[in-house]
Amino acid sequence: MLSKRSLRQRFSIELAIFMTAGLFVITLILSFYLTSTLMDNLKAEMKNHLTYTQAIFFDQEDYENHIDTLMLKELSNNEITISSNLDLKKHPLGFQIYKNDGKEYLTLSQYYEPKKLYYTITRNIDHEKSLISNIYKMMFGFILIGIVLILFYAKSLSERLMTPMQKLTQKFATMHENLLHKIDTKELPKEFISLADSINLLITKVSTSINYRKELYIGTAHELKTPLAVMRLKNQITLMKYKKHDKIRETLNQNIESIDTLNAMIHNLLEFGRAEGAQFEQPQRLNLITLMMKKCEEYELLANSQERNFIYHFDIPHFRINVQPLLFMQIFQNFVQNALKFTPKGGLVSLNTRMDLNNFIIEIKDEGEGIDESKDLFAPFQRSLQSTGAGLGLFLAQNAAESMGVNISLKNRKDKQGAIASIAFPLNRFLLKN
């Protein structure tokens, strides 16, 4: 079962640990090799020097007569003694390392049988030890630098490996903008092609299902309109035969009202089918303020014809984004028309825009009786008591909002003089992303 921890983080950590361990082992082996080689070369040099002394000089006096021992000691840190006796406890034959007066020495003692003498060479190896210490310090520095580079490389590599998955995620996040567009597998590494093919197959199935559903809505609605039109016409013709206060006439009027309600519901079903199709609309880059301003001029004339007032104000002159105009106008038109419908004659409907830290917001205020906030007015067939519609307008607006990626809300005004409908465009979606 997969862990909930970040896969990229886990990969980065495991890669960093593995590469750091490898770097540490390699550096450690190299350090041991360098120090071992240095000491072996030093011992070989001392052994050659001692062999030469054994072959040339007969005793300590002969050696000192021919060699400037002080200069030799200064230049090579080597000191040679030749004697017939040797304290083997203090200086056993072979190589030995010891310390004296805070300094470290390496000695080599050998017994030369032809001359019956002990030859000893002593070397101060403080310089070599300091060099070895510097080698270890340098290797430790290399390890630290290597760890930093490894962490950077592991992070960079994990990000590159996750780039195809991030591209797929971005395509899914914007799927409602370019709805059900198949993924181009040419852009992906071969490891992700099978995943992309599976997703494309799913997209095909979803697209087919949506098309069938849309055709079912539209087809059913069209099939119902014709018999309802015939029923209404027959009721109207029959109505002409009866007097004004006849009960049959009253029943016929009720039938006509019911038929009109059914026609309104069928009209909304057709609108829902069109909305399903509008989700396939390609986003267009346009100035939303300019689009709203043109429509507001029309709504101002409509409000005047209904003996209502309509005013609009835009705080910012430009808000250019990628948007699907049909889906946006479905929301915008529904909110404005509802505001005009529920505002009494002589009342005021106002539209304004504002921006907060996270959203660009459009607000439509009316002077109606408000709403029942305990009800979900965005549910299908949910309507207020004053409404004569089928109750699908807000439901369609909610579907359009979800497809676009905007947030809509409907609430009562704080002064209890009506309701406020708002459309919020998240800035991190509509401005900060390509």
# chains A, B, ... in the order shown; residues from 1 in each chain; ligands from 1

$ residues_around --residues "Arg232 (chain A)" --least-positions-apart "5" --cutoff "8 Å" --atoms "only C-alpha atoms" --output "compact mmCIF listing (two decimals) with C-alpha atoms, in the first residue's frame"
# COMPACT_ATOMS: atom_id res chain seq x y z
CA ASN A 255 -55.00 23.59 -16.99
CA ILE A 256 -53.51 26.36 -19.11
CA ILE A 259 -49.27 23.70 -19.17

$ atom_distance --atom1 "CA of Asn65 (chain A)" --atom2 "CA of Ser109 (chain A)"
21.6 Å

$ residues_around --residues "Val349 (chain A)" --least-positions-apart "4" --cutoff "7 Å" --atoms "only C-alpha atoms" --output "ChimeraX atom specification"
/A:309-311,339-340,365-367

$ write_last_selection --atoms "C-alpha atoms" --output "PDB file, in the first residue's frame"
ATOM      1  CA  ASN A 309     -33.984  51.529 -11.806  1.00  0.00           C
ATOM      2  CA  PHE A 310     -30.695  49.910 -12.705  1.00  0.00           C
ATOM      3  CA  ILE A 311     -27.266  51.415 -12.015  1.00  0.00           C
ATOM      4  CA  ALA A 339     -32.814  40.942  -9.226  1.00  0.00           C
ATOM      5  CA  LEU A 340     -35.089  42.898 -11.575  1.00  0.00           C
ATOM      6  CA  LYS A 365     -27.988  43.963  -5.172  1.00  0.00           C
ATOM      7  CA  ASP A 366     -31.791  44.091  -5.333  1.00  0.00           C
ATOM      8  CA  GLU A 367     -34.510  45.566  -3.137  1.00  0.00           C
TER       9      GLU A 367
END
